[in-house]
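Raw contents of model.csv, CSV, C-alpha atoms:
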```
chain,number,residue,atom,x,y,z
A,10,MET,CA,-19.9,1.4,29.2
A,11,MET,CA,-16.6,-0.3,29.5
A,12,THR,CA,-13.6,0.8,27.4
A,13,LEU,CA,-11.9,-2.2,25.8
A,14,SER,CA,-8.2,-2.5,25.6
A,15,PRO,CA,-6.6,-1.3,22.3
A,16,PRO,CA,-5.3,-3.9,19.8
A,17,LYS,CA,-1.7,-4.8,19.8
A,18,LEU,CA,0.3,-4.6,16.5
A,19,GLU,CA,2.4,-7.5,15.3
A,20,HIS,CA,4.9,-6.7,12.5
A,21,VAL,CA,4.2,-9.0,9.6
A,22,ALA,CA,6.4,-7.8,6.7
A,23,ASP,CA,8.0,-4.9,4.8
A,24,LEU,CA,7.1,-4.5,1.2
A,25,GLU,CA,9.1,-2.8,-1.5
A,26,VAL,CA,6.7,-2.3,-4.4
A,27,PHE,CA,8.3,-1.0,-7.7
A,28,VAL,CA,6.2,1.2,-9.9
A,29,ASP,CA,6.1,2.5,-13.4
A,30,ALA,CA,5.5,6.1,-14.4
A,31,PRO,CA,2.0,7.3,-13.7
A,32,ILE,CA,-0.7,7.3,-16.4
A,33,GLU,CA,-2.5,10.6,-15.9
A,34,VAL,CA,-6.2,10.1,-16.7
A,35,GLY,CA,-6.9,13.7,-15.8
A,36,ALA,CA,-9.3,15.8,-13.8
A,37,THR,CA,-12.6,14.2,-12.7
A,38,ASP,CA,-15.3,15.3,-10.3
A,39,GLY,CA,-13.4,13.7,-7.4
A,40,GLY,CA,-10.0,15.0,-8.3
A,41,LEU,CA,-7.0,14.0,-10.5
A,42,ARG,CA,-7.3,10.4,-11.5
A,43,ARG,CA,-4.1,8.5,-12.0
A,44,LEU,CA,-3.1,4.8,-12.6
A,45,ILE,CA,0.3,3.6,-11.6
A,46,ALA,CA,1.4,0.1,-12.8
A,47,ILE,CA,3.2,-2.2,-10.3
A,48,THR,CA,6.2,-3.8,-11.9
A,49,GLY,CA,7.4,-6.1,-9.1
A,50,GLY,CA,9.0,-6.0,-5.6
A,51,THR,CA,9.9,-7.8,-2.5
A,52,VAL,CA,8.2,-9.0,0.7
A,53,ALA,CA,10.5,-9.5,3.7
A,54,GLY,CA,9.5,-9.9,7.3
A,55,PRO,CA,9.1,-12.1,10.3
A,56,LYS,CA,5.8,-13.6,9.1
A,57,LEU,CA,5.9,-13.2,5.3
A,58,ARG,CA,8.6,-13.6,2.7
A,59,GLY,CA,8.3,-13.6,-1.1
A,60,ARG,CA,7.9,-11.2,-4.0
A,61,VAL,CA,5.4,-8.8,-5.5
A,62,LEU,CA,4.5,-10.0,-9.0
A,63,PRO,CA,4.3,-7.6,-11.9
A,64,GLY,CA,0.9,-6.8,-13.2
A,65,GLY,CA,-0.9,-5.0,-10.5
A,66,ALA,CA,-1.7,-1.3,-10.3
A,67,ASP,CA,-2.5,1.6,-8.0
A,68,PHE,CA,-5.7,3.4,-8.9
A,69,GLN,CA,-5.5,6.9,-7.4
A,70,ILE,CA,-7.5,10.0,-6.9
A,71,VAL,CA,-5.7,13.1,-5.8
A,72,ARG,CA,-8.3,15.3,-4.3
A,73,PRO,CA,-8.3,19.1,-4.5
A,74,ASP,CA,-7.3,19.2,-0.8
A,75,SER,CA,-4.1,17.3,-1.7
A,76,VAL,CA,-5.2,14.1,-0.1
A,77,ALA,CA,-4.5,11.1,-2.3
A,78,VAL,CA,-6.9,8.2,-2.0
A,79,LEU,CA,-5.0,5.1,-3.1
A,80,ASP,CA,-6.5,1.7,-4.2
A,81,ALA,CA,-3.6,-0.7,-5.0
A,82,ARG,CA,-4.4,-4.3,-6.2
A,83,TYR,CA,-1.6,-6.8,-6.8
A,84,VAL,CA,-0.4,-10.3,-6.2
A,85,ILE,CA,2.3,-11.5,-3.9
A,86,GLU,CA,4.0,-14.9,-4.2
A,87,LEU,CA,5.2,-16.3,-0.9
A,88,ASP,CA,8.4,-18.3,-0.6
A,89,ASP,CA,6.4,-21.6,-0.7
A,90,GLY,CA,4.8,-20.7,-4.0
A,91,THR,CA,1.4,-19.7,-2.6
A,92,ARG,CA,-0.1,-16.6,-4.2
A,93,ALA,CA,-2.1,-14.1,-2.3
A,94,PHE,CA,-4.2,-11.3,-3.9
A,95,VAL,CA,-3.8,-8.0,-2.0
A,96,SER,CA,-6.3,-5.1,-2.0
A,97,ASN,CA,-4.7,-2.2,-0.3
A,98,ARG,CA,-6.6,1.0,0.4
A,99,ALA,CA,-4.6,4.0,1.7
A,100,LEU,CA,-4.6,7.7,2.4
A,101,ARG,CA,-1.6,9.9,1.7
A,102,ARG,CA,-1.8,13.4,3.0
A,103,ALA,CA,0.8,16.2,2.6
A,104,THR,CA,1.0,19.9,1.9
A,105,PRO,CA,0.1,20.9,-1.6
A,106,GLU,CA,3.8,21.6,-2.3
A,107,LEU,CA,4.9,18.2,-1.1
A,108,THR,CA,2.0,16.5,-3.0
A,109,ALA,CA,3.1,18.2,-6.2
A,110,LYS,CA,6.7,17.0,-5.6
A,111,LEU,CA,5.4,13.4,-5.1
A,112,MET,CA,3.3,13.6,-8.2
A,113,ARG,CA,6.3,14.7,-10.2
A,114,GLY,CA,8.3,11.7,-8.9
A,115,GLU,CA,10.6,13.8,-6.7
A,116,PRO,CA,11.9,12.6,-3.4
A,117,VAL,CA,10.1,13.7,-0.3
A,118,ASP,CA,11.0,13.0,3.4
A,119,PRO,CA,8.4,10.4,4.5
A,120,ALA,CA,8.3,12.0,8.0
A,121,LEU,CA,6.5,15.0,6.3
A,122,VAL,CA,3.8,12.8,4.8
A,123,TYR,CA,0.8,11.0,6.4
A,124,PHE,CA,0.6,7.6,4.6
A,125,ARG,CA,-1.5,4.9,6.2
A,126,CYS,CA,-3.0,1.8,4.6
A,127,VAL,CA,-5.4,-1.1,5.3
A,128,PRO,CA,-4.4,-4.2,3.2
A,129,GLU,CA,-6.7,-7.1,2.8
A,130,PHE,CA,-5.6,-10.6,1.6
A,131,GLU,CA,-7.3,-13.3,-0.4
A,132,VAL,CA,-5.6,-16.6,0.0
A,133,PRO,CA,-6.3,-20.3,-0.8
A,134,PRO,CA,-7.3,-22.6,2.1
A,135,GLY,CA,-4.4,-23.8,4.3
A,136,ARG,CA,-1.3,-22.5,5.9
A,137,TRP,CA,-1.9,-18.8,5.0
A,138,ARG,CA,-5.6,-18.6,5.9
A,139,TRP,CA,-4.8,-16.3,8.9
A,140,LEU,CA,-4.1,-13.6,6.3
A,141,ALA,CA,-7.7,-13.6,5.3
A,142,GLU,CA,-8.9,-13.8,8.9
A,143,SER,CA,-7.0,-10.8,10.4
A,144,VAL,CA,-7.1,-7.0,10.1
A,145,PHE,CA,-4.0,-5.3,9.0
A,146,VAL,CA,-2.8,-1.7,9.0
A,147,GLY,CA,0.4,-0.2,7.7
A,148,THR,CA,2.5,2.8,7.1
A,149,GLY,CA,4.0,3.8,3.8
A,150,ALA,CA,6.5,6.0,2.0
A,151,ARG,CA,6.5,7.0,-1.7
A,152,ARG,CA,9.9,7.0,-3.4
A,153,PRO,CA,10.5,8.1,-7.0
A,154,ASP,CA,10.5,4.5,-8.3
A,155,ARG,CA,8.7,2.5,-5.5
A,156,VAL,CA,6.4,2.4,-2.5
A,157,GLU,CA,7.7,1.1,0.8
A,158,LEU,CA,5.2,-0.4,3.2
A,159,SER,CA,5.4,-1.8,6.7
A,160,ILE,CA,2.5,-4.0,7.4
A,161,TYR,CA,1.1,-5.0,10.9
A,162,ARG,CA,-1.5,-7.4,12.0
A,163,MET,CA,-3.9,-6.1,14.7
A,164,CYS,CA,-4.0,-8.7,17.5
```

What does this structure look like when you write it as structure tokens?
Amino acid sequence: MMTLSPPKLEHVADLEVFVDAPIEVGATDGGLRRLIAITGGTVAGPKLRGRVLPGGADFQIVRPDSVAVLDARYVIELDDGTRAFVSNRALRRATPELTAKLMRGEPVDPALVYFRCVPEFEVPPGRWRWLAESVFVGTGARRPDRVELSIYRMC
């Protein structure tokens, strides 16, 4: 069997997503359930520019092993006025001590945290259709008041 060449990554944009204080739902069978409202943000990069609209949220489960399973859903408005729905699934892994700091909203060095995401885009027909026809991956960092993401298209 032949090994195919690995995909190349093309930097698309960096997102700064501002968030509100978490709403703690509490312990569930899967872990600690939390909801974090998205209040706005920016999209800046070589392929996408615009803003993150307020109104989305990140639905999280922090498992007993300190891995956070993230499910963020929000809308970005591109510079030409086109709106895209983003569904971004992610895993964030850190030591229990660092996870506790993140959950309290304290700063943590992103180099000490594994944070990877797989965003998917829903867009209207036209210029931005390539967003719905490509696979994207990204890296992230959680700050006390925001999440920073760097998004790449797999070529």

Who sits within 12 Å of A:Asp38, all atoms listed in the file, same chain under 6 positions skipped, as a PyMOL selection string: chain A and resi 70-73

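Every protein or nucleic acid residue with an atom no more than 12 Å from A:Asp80, counting only C-alpha atoms and leaving out same-chain residues fewer than 2 positions away, appears here: Arg42, Arg43, Leu44, Ile45, Ala46, Gly65, Ala66, Asp67, Phe68, Gln69, Ile70, Val71, Ala77, Val78, Arg82, Tyr83, Val95, Ser96, Asn97, Arg98, Ala99, Leu100, Arg101, Arg125, Cys126, Val127, Pro128 and Glu129 of chain A.
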
For stretch 12-20 of chain A: contacts at 7 Å, only C-alpha atoms, fewer than 4 positions along chain excluded, given as number ranges by chain: A: 160-164

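Nearest to A:Ala53 of all the residues A:Asp74, A:Glu86, A:Asp29, A:Glu142 is A:Glu86, based on only C-alpha atoms.
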
Interatomic distance, atom CA of A:Arg113 to atom CA of A:Asp154 (Å, one decimal): 11.2 Å

Surrounding residues of A:Asp89 excluding itself and chain neighbours under 4 positions, 12 Å, only C-alpha atoms, as a ChimeraX atom specification: /A:57-60,85,93,136-137

Nearest-residue call for A:Pro116, choices A:Thr91, A:Gly135, A:Ala141, A:Pro153, using all atoms listed in the file: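 Of all the options, A:Pro153 lies closest to A:Pro116.
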
Computed interatomic separation between atom CA of A:Ala103 and atom CA of A:Gly54 (Å):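 So the answer is 27.9 Å.
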
Distance of atom CA of A:Val146 from atom CA of A:Val61, expressed in Å to one decimal place: 18.1 Å
